[in-house]
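Take a look at the structure set out below.
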Amino acid sequence: MNPFILILAILRRHRLITLLFVAIVALSIALGTGILSQEKALRQGTTTAADKFDLIVGAPGSQIDLLLSSIYLQPKDLELMDGKILSDLATNPEVEFAAPLAFGDNYDGFPVVGSTPEFVTYLADGEIEGRVFEGRDEAIAGADIPLNIGDRFESAHGHLDLSDNPGANFDADADADADAFLEALQAEHESLEQTVVGRLPRTGTPWDRALITPVESVWAIHDLPTGHDPAGPRAEAIGEPFDANFLTGVPAIIVKPQGFAEAYNLRSAYRNATTTAFFPAEILLELYAIMGDARSIMSFLALMTQLLVLLGIFAGILALMQLFKKQFGVLRAMGAPRLYLFAVLWGFLALLISVGSIIGLGLGWSLSSVVSALLSRRTGIAIQPGLSATELWAAGRFVLIGYGLALIPSGILYRQPAIDNLNNS
Amino acid sequence: MVPSPQSKTGPSHGSTPGPSLKLAELKMQFQDAQAGSVTALSLAKWELLGGQAIGIRGPSGAGKSTLLNVISGLLLPTQGSVWWDGCEITQLKEAERDRWRRRNIGFIFQDFHLIPELSALENVLLPLRFDHWRCPPPKRRYGLELLERFGIPRPKQLAATLSRGQQQRVAVARALINQPPILLADEPTASLDRESGDRVTQILLDVAQKEQKTVIVSSHDQQLLKKLSDTYRLAEGQLELQ
Ligand SMILES: Nc1ncnc2c1ncn2[C@@H]1O[C@H](COP(=O)(O)OP(=O)(O)O)[C@@H](O)[C@H]1O
Ligand SMILES: [Mg+2]
């Protein structure tokens with residue numbers, strides 16, 4: 001038995017309908033696949049980006065804001081903690097290092113974050129190109145910063161909405177009011193030219209688009225105490241140890257604990273009235289739960305769409321069967337067994353569903369790649385969608401349901417008496 | 001399993017004549033929404049010797065198509081039986097009847113009913129697809145031979161692009177591909193012009209004579225009917241020899 005010759009004939013005759021059916025199957029599968037693959041990619045990307053951040057300490061308030069500002073460099077208005085907390089943490093024996101983060105400046109839209117040499121060394125993982133900064137007029141560039149080692153730049157105050165278009169210059173025409181405001185700010189803000197002395201390896205995190213300068217230079221530009229006694233020998237020093245008497249408020253401190261147990265101790269020690277401390281993973285899990293819920297709802301809707309698509313196709317097929325009827329009657333007259341006709345119709349439907357699903361998987365993956373690329377551009381988080389067992393299974397389930405439902409019209413055809421098909425010629 | 005009247009492989013070059021037909025107490029009624037029960041056929045007894053080529057004529061609606069459908073086993077009569085040689089096909093299960101029909105009957109329709117998207121050759125070989133994944137090469141050669149004999153110069157030509165006369169000749173080749181001992185044709189020339197009709201008539205007669213098939217042709221076509229050995233007239237459900 002070889003039904004393919006007739007399946008081919010049906011495909012040729014109903015080219016448009018076939019294309020249409022394949023297209024709607026593909027779109028509905030693409031939607032489901034895209035949602036699943038996108039959510040997973042987003043989860044993986046954000047988790048990877050948070051890998052290096054063990055414990056974050058900040059002022060009590062929104063942990064999500066702290067997380068977004070310090071790991072993902074999304075500007076949020078953070079409360080400041082007393083600077084003493086930094087020196088406390090830095091000298092705590094359970095701490096390997098504690099690095100303050102100072103936000104608020106930018107270069108050409110790229111955030112300029114103040115921190116310590118230890119933090120840079122830690123982020124670089126020994127793969128820094130050039131060297132770590134040694135003076136206040138030096139800076140380290142992330143992998144995507146369009147500056148070379150040796151280039152000089154001047155940072156501006158304010159967080160631009162870097163999500164829109166980092167790298168785009170302040171456009172004088174864009175928003176005159178905002179410009180005037182920023183200029184006013186900049187007037188108060190002593191500018192300091194800094195030189196890029198090192199470049200971080202690519203991390204796939206928003207830090208690839210940041211410049212890191214000594215925190216002291218950020219404080220100095222804003223006329224704040226720099227953490228060192230201006231009259232002492234370390235007046236111009238950078239990094240630890242800080243002098244508690246000359247510390248200003250800090251929005252966030254990244255803490256590298258000595259070990260696992262210490263991490264938990266520190267987290268509970270700094271969860272109190274004046275500070276909050278958390279593992280990024282905890283907050284991410286909460287976010288993922290919300291994302292997962294959204295994903296479930298969207299997946300459910302996608303599944304419903306897929307079922308509707310199948311129903312639509314089979315309604316279409318039942319109508320088409322009126323067209324097939326006479327042809328099938330002729331085949332019976334030629335001695336075709338009922339099973340043959342069944343195989344032709346079922347094979348035709350199964351082919352539509354299979355081809356549509358395979359295209360849909362590809363389309364879904366492309367869709368999620370495009371969305372991921374856009375998100376990566378906006379956030380700097382490396383988001384790489386893939387096709388995993390989850391998406392394949394979701395598509396496979398659709399295919400199986402489709403094969404099952406295809407039995408209905410094929411079965412109706414199978415049960416039809418030969419002559420009913422042939423009459424009124 | 002019912003023995004088939006003739007081996008399905010070897011060509012029937014005049015050796016054994018086609019099977020004989022016997023209808024007994026045959027009645028075919030249709031349910032009609034307005035008219036209620038319509039009797040399309042009512043035949044107490046009708047016998048036909050094997051290897052004959054006969055015609056059936058009668059006005060439209062007389063039941064010619066119905067008769068062909070019943071004797072091919074496509075349509076089960078309301079009552080009565082259809083015997084082909086020793087085989088009572090009205091007693092066969094549907095799947096068995098399909099198989100019996102595939103081996104024993106070649107059907108030719110007024111409207112050819114080729115599959116327009118397939119080539120002439122593919123149409124001819126189509127009945128083989130019911131049994132075979134790949135077409136056996138001898139059958140393929142036989143199909144090509146039939147096409148050549150029937151004046152189809154390009155076997156790969158799409159059926160849709162053939163002339164009507166050519167299409168019907170392809171349909172005849174398709175009916176013959178399994179070398180069936182019985183050939184049924186339902187008004188085979190009614191949709192053709194005179195010349196094409198005559199050509200199809202000639203082919204049918206050739207086959208009937210050379211291969212001693214049992215051939216039953218329903219037709220209005222006098223040119224066709226007068227060349228057949230007998231013509232029956234079907235009227236009011238009854239057959240009478242003319
Ligand atoms: N499936 C059917 N249902 C109802 N009536 C039918 C059916 N098939 C045929 N008939 C009726 O049976 C009669 C014979 O039809 P048919 O065999 O097609 O005649 P012919 O082929 O001689 O023109 C007609 O009256 C037709 O209306
Ligand atoms: Mg008729």
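Residues are referred to by chain and number: the chain letter is A, B, ... according to the order shown in the structure tokens, the number counts from 1 in that chain, and ligands are numbered separately from 1 in the order shown.
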Up to 8 Å from chain A, what residues of chain B turn up? Count only C-alpha atoms and give them as a PyMOL selection string.
chain B and resi 69+72+74-75+95+98-103+105-107+111+113+115+117-118+127+129-134+175
Which neighbours of range 160-167 of chain B fall inside 9 Å, counting only C-alpha atoms, when residues of the same chain fewer than 3 positions from it are skipped, and could you give them as a list of chain:residue names?
B:Phe112, B:His113, B:Leu114, B:Ile115, B:Pro116, B:Glu117, B:Leu118, B:Ser119, B:Ala120, B:Phe150, B:Gly151, B:Ile152, B:Gln157, B:Val170, B:Ala171, B:Val172, B:Thr189, B:Ser191, B:Leu192, B:Asp193, B:Glu195, B:Ser196, B:Gly197, B:Arg199, B:Val200
Find the residues near ligand 1. Use a cut-off of 10 Å, count only C-alpha atoms and all ligand atoms, and write them as a VMD selection string.
(chain A and resid 419 to 425) or (chain B and resid 28 to 33 35 to 41 56 to 70 75 186 to 187 218 to 219 234 to 237)
Could you work out how far CA of Gln306 in chain A lies from CA of Phe398 in chain A, giving the answer in Å with one decimal?
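Spanning CA of Phe398 in chain A to CA of Gln306 in chain A is a straight-line distance of 7.3 Å.
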Could you please determine the separation between CA of Ser87 in chain A and CA of Ile253 in chain A in Å, to one decimal place?
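Going from CA of Ser87 in chain A over to CA of Ile253 in chain A covers 10.7 Å.
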Identify, on the basis of only C-alpha atoms, every residue whose closest approach to Pro257 in chain A does not exceed 6 Å; exclude the query and any residue fewer than 6 positions from it along the same chain; express the result as an MDAnalysis selection string.
chainID A and resid 94:96 263
Print the selection's residues with all heavy atoms to a file, as a PDB file, in the first residue's frame.
ATOM      1  N   GLU A  94      34.442  36.796  58.860  1.00  0.00           N
ATOM      2  CA  GLU A  94      33.705  35.875  57.993  1.00  0.00           C
ATOM      3  C   GLU A  94      33.652  36.351  56.546  1.00  0.00           C
ATOM      4  O   GLU A  94      33.156  35.649  55.677  1.00  0.00           O
ATOM      5  CB  GLU A  94      32.271  35.691  58.521  1.00  0.00           C
ATOM      6  CG  GLU A  94      32.244  34.953  59.847  1.00  0.00           C
ATOM      7  CD  GLU A  94      30.833  34.625  60.293  1.00  0.00           C
ATOM      8  OE1 GLU A  94      29.951  35.497  60.162  1.00  0.00           O
ATOM      9  OE2 GLU A  94      30.618  33.487  60.741  1.00  0.00           O
ATOM     10  N   VAL A  95      34.166  37.577  56.322  1.00  0.00           N
ATOM     11  CA  VAL A  95      34.051  38.177  54.998  1.00  0.00           C
ATOM     12  C   VAL A  95      35.384  38.103  54.255  1.00  0.00           C
ATOM     13  O   VAL A  95      36.425  38.431  54.820  1.00  0.00           O
ATOM     14  CB  VAL A  95      33.612  39.648  55.133  1.00  0.00           C
ATOM     15  CG1 VAL A  95      33.717  40.381  53.798  1.00  0.00           C
ATOM     16  CG2 VAL A  95      32.194  39.719  55.663  1.00  0.00           C
ATOM     17  N   GLU A  96      35.337  37.652  53.011  1.00  0.00           N
ATOM     18  CA  GLU A  96      36.553  37.649  52.210  1.00  0.00           C
ATOM     19  C   GLU A  96      36.818  39.058  51.703  1.00  0.00           C
ATOM     20  O   GLU A  96      37.905  39.579  51.829  1.00  0.00           O
ATOM     21  CB  GLU A  96      36.395  36.675  51.046  1.00  0.00           C
ATOM     22  CG  GLU A  96      37.697  36.282  50.406  1.00  0.00           C
ATOM     23  CD  GLU A  96      37.463  35.288  49.280  1.00  0.00           C
ATOM     24  OE1 GLU A  96      36.749  34.279  49.512  1.00  0.00           O
ATOM     25  OE2 GLU A  96      37.965  35.535  48.172  1.00  0.00           O
ATOM     26  N   ALA A 263      28.204  32.645  54.945  1.00  0.00           N
ATOM     27  CA  ALA A 263      27.221  33.382  54.149  1.00  0.00           C
ATOM     28  C   ALA A 263      25.886  33.452  54.898  1.00  0.00           C
ATOM     29  O   ALA A 263      25.265  34.510  54.987  1.00  0.00           O
ATOM     30  CB  ALA A 263      27.033  32.701  52.798  1.00  0.00           C
TER      31      ALA A 263
END
Residues near Ile216 in chain B, anyone? I mean within 9 Å using only C-alpha atoms, not counting same-chain ones fewer than 5 positions away, as a PyMOL selection string.
chain B and resi 52-56+68+182-186
Go ahead and dump the residues you just picked, C-alpha atoms, as an mmCIF file, in the first residue's frame.
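New file result_7.cif:
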data_model
loop_
_atom_site.group_PDB
_atom_site.id
_atom_site.type_symbol
_atom_site.label_atom_id
_atom_site.label_comp_id
_atom_site.auth_asym_id
_atom_site.auth_seq_id
_atom_site.Cartn_x
_atom_site.Cartn_y
_atom_site.Cartn_z
ATOM 1 C CA GLN B 52 -19.302 -11.771 -24.021
ATOM 2 C CA ALA B 53 -19.400 -8.072 -24.704
ATOM 3 C CA ILE B 54 -22.906 -6.702 -24.306
ATOM 4 C CA GLY B 55 -24.533 -3.296 -24.186
ATOM 5 C CA ILE B 56 -27.236 -1.904 -21.955
ATOM 6 C CA LEU B 68 -23.325 -1.619 -12.940
ATOM 7 C CA ILE B 182 -14.485 -8.232 -16.310
ATOM 8 C CA LEU B 183 -14.767 -4.772 -17.796
ATOM 9 C CA LEU B 184 -17.641 -2.469 -16.858
ATOM 10 C CA ALA B 185 -18.117 0.816 -18.672
ATOM 11 C CA ASP B 186 -20.772 3.357 -17.721
#
Apply DSSP to the structure's backbone, then extract all residues of range 94-329 of chain A labelled helix (DSSP H, G or I) and return them as a PyMOL selection string.
chain A and resi 117-124+176-188+206-209+215-221+244-246+260-269+280-329
Compile the contact shell of range 81-89 of chain B as a VMD selection string: residues with an atom at most 6 Å away, counting only C-alpha atoms, same-chain residues fewer than 4 positions apart removed.
chain B and resid 19 to 24
Let's have the selection written as a PDB file, in the first residue's frame, with all heavy atoms.
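Final file, out27.pdb:
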ATOM      1  N   PRO B  19     -15.616 -14.436 -16.629  1.00  0.00           N
ATOM      2  CA  PRO B  19     -16.637 -15.168 -15.883  1.00  0.00           C
ATOM      3  C   PRO B  19     -18.054 -14.835 -16.360  1.00  0.00           C
ATOM      4  O   PRO B  19     -18.292 -13.797 -16.958  1.00  0.00           O
ATOM      5  CB  PRO B  19     -16.427 -14.687 -14.457  1.00  0.00           C
ATOM      6  CG  PRO B  19     -15.810 -13.353 -14.593  1.00  0.00           C
ATOM      7  CD  PRO B  19     -14.971 -13.385 -15.833  1.00  0.00           C
ATOM      8  N   SER B  20     -18.948 -15.754 -16.033  1.00  0.00           N
ATOM      9  CA  SER B  20     -20.352 -15.518 -16.360  1.00  0.00           C
ATOM     10  C   SER B  20     -21.042 -14.835 -15.188  1.00  0.00           C
ATOM     11  O   SER B  20     -20.582 -14.899 -14.046  1.00  0.00           O
ATOM     12  CB  SER B  20     -21.032 -16.848 -16.661  1.00  0.00           C
ATOM     13  OG  SER B  20     -20.957 -17.674 -15.516  1.00  0.00           O
ATOM     14  N   LEU B  21     -22.130 -14.180 -15.489  1.00  0.00           N
ATOM     15  CA  LEU B  21     -22.844 -13.409 -14.469  1.00  0.00           C
ATOM     16  C   LEU B  21     -24.240 -13.960 -14.292  1.00  0.00           C
ATOM     17  O   LEU B  21     -24.909 -14.332 -15.266  1.00  0.00           O
ATOM     18  CB  LEU B  21     -22.922 -11.941 -14.917  1.00  0.00           C
ATOM     19  CG  LEU B  21     -23.824 -11.002 -14.107  1.00  0.00           C
ATOM     20  CD1 LEU B  21     -23.266 -10.798 -12.703  1.00  0.00           C
ATOM     21  CD2 LEU B  21     -23.972  -9.655 -14.818  1.00  0.00           C
ATOM     22  N   LYS B  22     -24.686 -14.044 -13.042  1.00  0.00           N
ATOM     23  CA  LYS B  22     -26.060 -14.472 -12.790  1.00  0.00           C
ATOM     24  C   LYS B  22     -26.657 -13.567 -11.711  1.00  0.00           C
ATOM     25  O   LYS B  22     -26.082 -13.388 -10.636  1.00  0.00           O
ATOM     26  CB  LYS B  22     -26.090 -15.927 -12.324  1.00  0.00           C
ATOM     27  CG  LYS B  22     -27.496 -16.507 -12.237  1.00  0.00           C
ATOM     28  CD  LYS B  22     -27.450 -18.009 -11.994  1.00  0.00           C
ATOM     29  CE  LYS B  22     -27.381 -18.312 -10.511  1.00  0.00           C
ATOM     30  NZ  LYS B  22     -27.195 -19.738 -10.225  1.00  0.00           N
ATOM     31  N   LEU B  23     -27.802 -12.961 -12.035  1.00  0.00           N
ATOM     32  CA  LEU B  23     -28.519 -12.164 -11.039  1.00  0.00           C
ATOM     33  C   LEU B  23     -29.809 -12.899 -10.712  1.00  0.00           C
ATOM     34  O   LEU B  23     -30.485 -13.403 -11.618  1.00  0.00           O
ATOM     35  CB  LEU B  23     -28.878 -10.784 -11.593  1.00  0.00           C
ATOM     36  CG  LEU B  23     -27.748  -9.936 -12.167  1.00  0.00           C
ATOM     37  CD1 LEU B  23     -28.288  -8.594 -12.666  1.00  0.00           C
ATOM     38  CD2 LEU B  23     -26.675  -9.718 -11.117  1.00  0.00           C
ATOM     39  N   ALA B  24     -30.142 -12.955  -9.432  1.00  0.00           N
ATOM     40  CA  ALA B  24     -31.363 -13.667  -9.063  1.00  0.00           C
ATOM     41  C   ALA B  24     -32.164 -12.865  -8.051  1.00  0.00           C
ATOM     42  O   ALA B  24     -31.613 -12.397  -7.052  1.00  0.00           O
ATOM     43  CB  ALA B  24     -31.013 -15.043  -8.498  1.00  0.00           C
TER      44      ALA B  24
END
Find the residues around Leu36 in chain A up to 12 Å (only C-alpha atoms counted), leave out those fewer than 6 positions away in its own chain, and share them as a PDB file with N, CA and C atoms, in the first residue's frame.
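Result file is part17.pdb:
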ATOM      1  N   ILE A  29       2.303  26.634  17.127  1.00  0.00           N
ATOM      2  CA  ILE A  29       3.430  25.946  17.780  1.00  0.00           C
ATOM      3  C   ILE A  29       4.524  26.954  18.119  1.00  0.00           C
ATOM      4  N   ALA A  30       4.741  27.896  17.216  1.00  0.00           N
ATOM      5  CA  ALA A  30       5.782  28.901  17.443  1.00  0.00           C
ATOM      6  C   ALA A  30       5.488  29.695  18.710  1.00  0.00           C
ATOM      7  N   LEU A  42      15.452  33.443  29.755  1.00  0.00           N
ATOM      8  CA  LEU A  42      15.485  34.597  30.642  1.00  0.00           C
ATOM      9  C   LEU A  42      15.962  34.163  32.026  1.00  0.00           C
ATOM     10  N   ARG A  43      15.442  33.023  32.469  1.00  0.00           N
ATOM     11  CA  ARG A  43      15.816  32.515  33.780  1.00  0.00           C
ATOM     12  C   ARG A  43      17.307  32.187  33.808  1.00  0.00           C
ATOM     13  N   MET A 291       7.293  34.743  37.230  1.00  0.00           N
ATOM     14  CA  MET A 291       7.463  34.541  35.795  1.00  0.00           C
ATOM     15  C   MET A 291       6.869  33.203  35.380  1.00  0.00           C
ATOM     16  N   GLY A 292       7.088  32.196  36.233  1.00  0.00           N
ATOM     17  CA  GLY A 292       6.571  30.863  35.949  1.00  0.00           C
ATOM     18  C   GLY A 292       5.054  30.876  35.874  1.00  0.00           C
ATOM     19  N   ASP A 293       4.448  31.638  36.804  1.00  0.00           N
ATOM     20  CA  ASP A 293       2.982  31.731  36.772  1.00  0.00           C
ATOM     21  C   ASP A 293       2.526  32.357  35.466  1.00  0.00           C
ATOM     22  N   ALA A 294       3.210  33.446  35.118  1.00  0.00           N
ATOM     23  CA  ALA A 294       2.848  34.115  33.862  1.00  0.00           C
ATOM     24  C   ALA A 294       3.044  33.160  32.705  1.00  0.00           C
ATOM     25  N   ARG A 295       4.167  32.415  32.782  1.00  0.00           N
ATOM     26  CA  ARG A 295       4.454  31.467  31.717  1.00  0.00           C
ATOM     27  C   ARG A 295       3.350  30.422  31.632  1.00  0.00           C
ATOM     28  N   SER A 296       2.923  29.928  32.830  1.00  0.00           N
ATOM     29  CA  SER A 296       1.874  28.907  32.835  1.00  0.00           C
ATOM     30  C   SER A 296       0.613  29.424  32.162  1.00  0.00           C
ATOM     31  N   ILE A 297       0.260  30.654  32.502  1.00  0.00           N
ATOM     32  CA  ILE A 297      -0.956  31.218  31.915  1.00  0.00           C
ATOM     33  C   ILE A 297      -0.794  31.342  30.407  1.00  0.00           C
ATOM     34  N   MET A 298       0.369  31.859  30.011  1.00  0.00           N
ATOM     35  CA  MET A 298       0.580  32.050  28.568  1.00  0.00           C
ATOM     36  C   MET A 298       0.654  30.706  27.857  1.00  0.00           C
ATOM     37  N   SER A 299       1.295  29.736  28.508  1.00  0.00           N
ATOM     38  CA  SER A 299       1.382  28.412  27.893  1.00  0.00           C
ATOM     39  C   SER A 299      -0.002  27.804  27.756  1.00  0.00           C
ATOM     40  N   PHE A 300      -0.820  28.030  28.784  1.00  0.00           N
ATOM     41  CA  PHE A 300      -2.176  27.504  28.731  1.00  0.00           C
ATOM     42  C   PHE A 300      -2.925  28.133  27.553  1.00  0.00           C
ATOM     43  N   ALA A 302      -1.562  29.377  24.951  1.00  0.00           N
ATOM     44  CA  ALA A 302      -0.968  28.860  23.711  1.00  0.00           C
ATOM     45  C   ALA A 302      -1.547  27.482  23.393  1.00  0.00           C
ATOM     46  N   LEU A 303      -1.714  26.681  24.453  1.00  0.00           N
ATOM     47  CA  LEU A 303      -2.264  25.335  24.247  1.00  0.00           C
ATOM     48  C   LEU A 303      -3.694  25.419  23.717  1.00  0.00           C
ATOM     49  N   LEU A 361       8.474  24.905  15.463  1.00  0.00           N
ATOM     50  CA  LEU A 361       9.582  24.848  16.423  1.00  0.00           C
ATOM     51  C   LEU A 361      10.683  25.812  16.003  1.00  0.00           C
ATOM     52  N   GLY A 364       9.436  29.331  16.471  1.00  0.00           N
ATOM     53  CA  GLY A 364       9.380  29.677  17.892  1.00  0.00           C
ATOM     54  C   GLY A 364      10.765  29.987  18.411  1.00  0.00           C
ATOM     55  N   TRP A 365      11.715  29.164  17.968  1.00  0.00           N
ATOM     56  CA  TRP A 365      13.080  29.387  18.414  1.00  0.00           C
ATOM     57  C   TRP A 365      13.588  30.721  17.858  1.00  0.00           C
ATOM     58  N   LEU A 367      11.761  33.277  17.009  1.00  0.00           N
ATOM     59  CA  LEU A 367      11.022  34.321  17.711  1.00  0.00           C
ATOM     60  C   LEU A 367      11.703  34.613  19.036  1.00  0.00           C
ATOM     61  N   SER A 368      12.003  33.541  19.765  1.00  0.00           N
ATOM     62  CA  SER A 368      12.575  33.739  21.079  1.00  0.00           C
ATOM     63  C   SER A 368      14.015  34.248  20.954  1.00  0.00           C
ATOM     64  N   PRO A 385      18.412  31.593  23.931  1.00  0.00           N
ATOM     65  CA  PRO A 385      17.359  30.598  23.968  1.00  0.00           C
ATOM     66  C   PRO A 385      17.800  29.330  23.256  1.00  0.00           C
ATOM     67  N   GLY A 386      17.238  28.203  23.699  1.00  0.00           N
ATOM     68  CA  GLY A 386      17.527  26.937  23.027  1.00  0.00           C
ATOM     69  C   GLY A 386      16.231  26.172  22.897  1.00  0.00           C
ATOM     70  N   LEU A 387      16.311  25.025  22.252  1.00  0.00           N
ATOM     71  CA  LEU A 387      15.147  24.148  22.213  1.00  0.00           C
ATOM     72  C   LEU A 387      15.481  22.972  23.110  1.00  0.00           C
ATOM     73  N   SER A 388      14.754  22.855  24.207  1.00  0.00           N
ATOM     74  CA  SER A 388      15.059  21.764  25.119  1.00  0.00           C
ATOM     75  C   SER A 388      13.897  20.789  25.111  1.00  0.00           C
ATOM     76  N   ALA A 389      14.038  19.792  25.948  1.00  0.00           N
ATOM     77  CA  ALA A 389      13.012  18.744  26.032  1.00  0.00           C
ATOM     78  C   ALA A 389      11.624  19.347  26.285  1.00  0.00           C
ATOM     79  N   THR A 390      11.569  20.431  27.077  1.00  0.00           N
ATOM     80  CA  THR A 390      10.263  21.012  27.410  1.00  0.00           C
ATOM     81  C   THR A 390       9.516  21.444  26.160  1.00  0.00           C
ATOM     82  N   GLU A 391      10.208  22.233  25.315  1.00  0.00           N
ATOM     83  CA  GLU A 391       9.544  22.733  24.113  1.00  0.00           C
ATOM     84  C   GLU A 391       9.242  21.583  23.158  1.00  0.00           C
ATOM     85  N   LEU A 392      10.199  20.658  23.046  1.00  0.00           N
ATOM     86  CA  LEU A 392       9.989  19.537  22.130  1.00  0.00           C
ATOM     87  C   LEU A 392       8.799  18.704  22.582  1.00  0.00           C
ATOM     88  N   TRP A 393       8.730  18.510  23.890  1.00  0.00           N
ATOM     89  CA  TRP A 393       7.616  17.715  24.406  1.00  0.00           C
ATOM     90  C   TRP A 393       6.293  18.447  24.168  1.00  0.00           C
ATOM     91  N   ALA A 394       6.293  19.781  24.382  1.00  0.00           N
ATOM     92  CA  ALA A 394       5.058  20.534  24.177  1.00  0.00           C
ATOM     93  C   ALA A 394       4.603  20.412  22.726  1.00  0.00           C
ATOM     94  N   ALA A 395       5.555  20.515  21.801  1.00  0.00           N
ATOM     95  CA  ALA A 395       5.197  20.378  20.389  1.00  0.00           C
ATOM     96  C   ALA A 395       4.795  18.936  20.086  1.00  0.00           C
TER      97      ALA A 395
END
Show which residues sit within 9 Å of Leu413 in chain A, as a PyMOL selection string. Count only C-alpha atoms, and ignore same-chain residues fewer than 5 positions away.
chain A and resi 321+325+328+338+341-342+345+408
What does the structure give for the distance between CA of Asp229 in chain A and CA of Ala252 in chain A, in Å to one decimal?
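Distance reported for this atom pair: 22.2 Å.
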With distances taken over only C-alpha atoms, the candidate from B:Leu228, B:Arg169, B:Thr78, B:Pro17 nearest Leu49 in chain B is B:Pro17
Closest of B:Ala190, B:Val215, B:Leu239, B:Ile71 to ligand 2 - atom-to-atom distances counting only C-alpha atoms and all ligand atoms
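Smallest distance to ligand 2 is found for B:Ala190.
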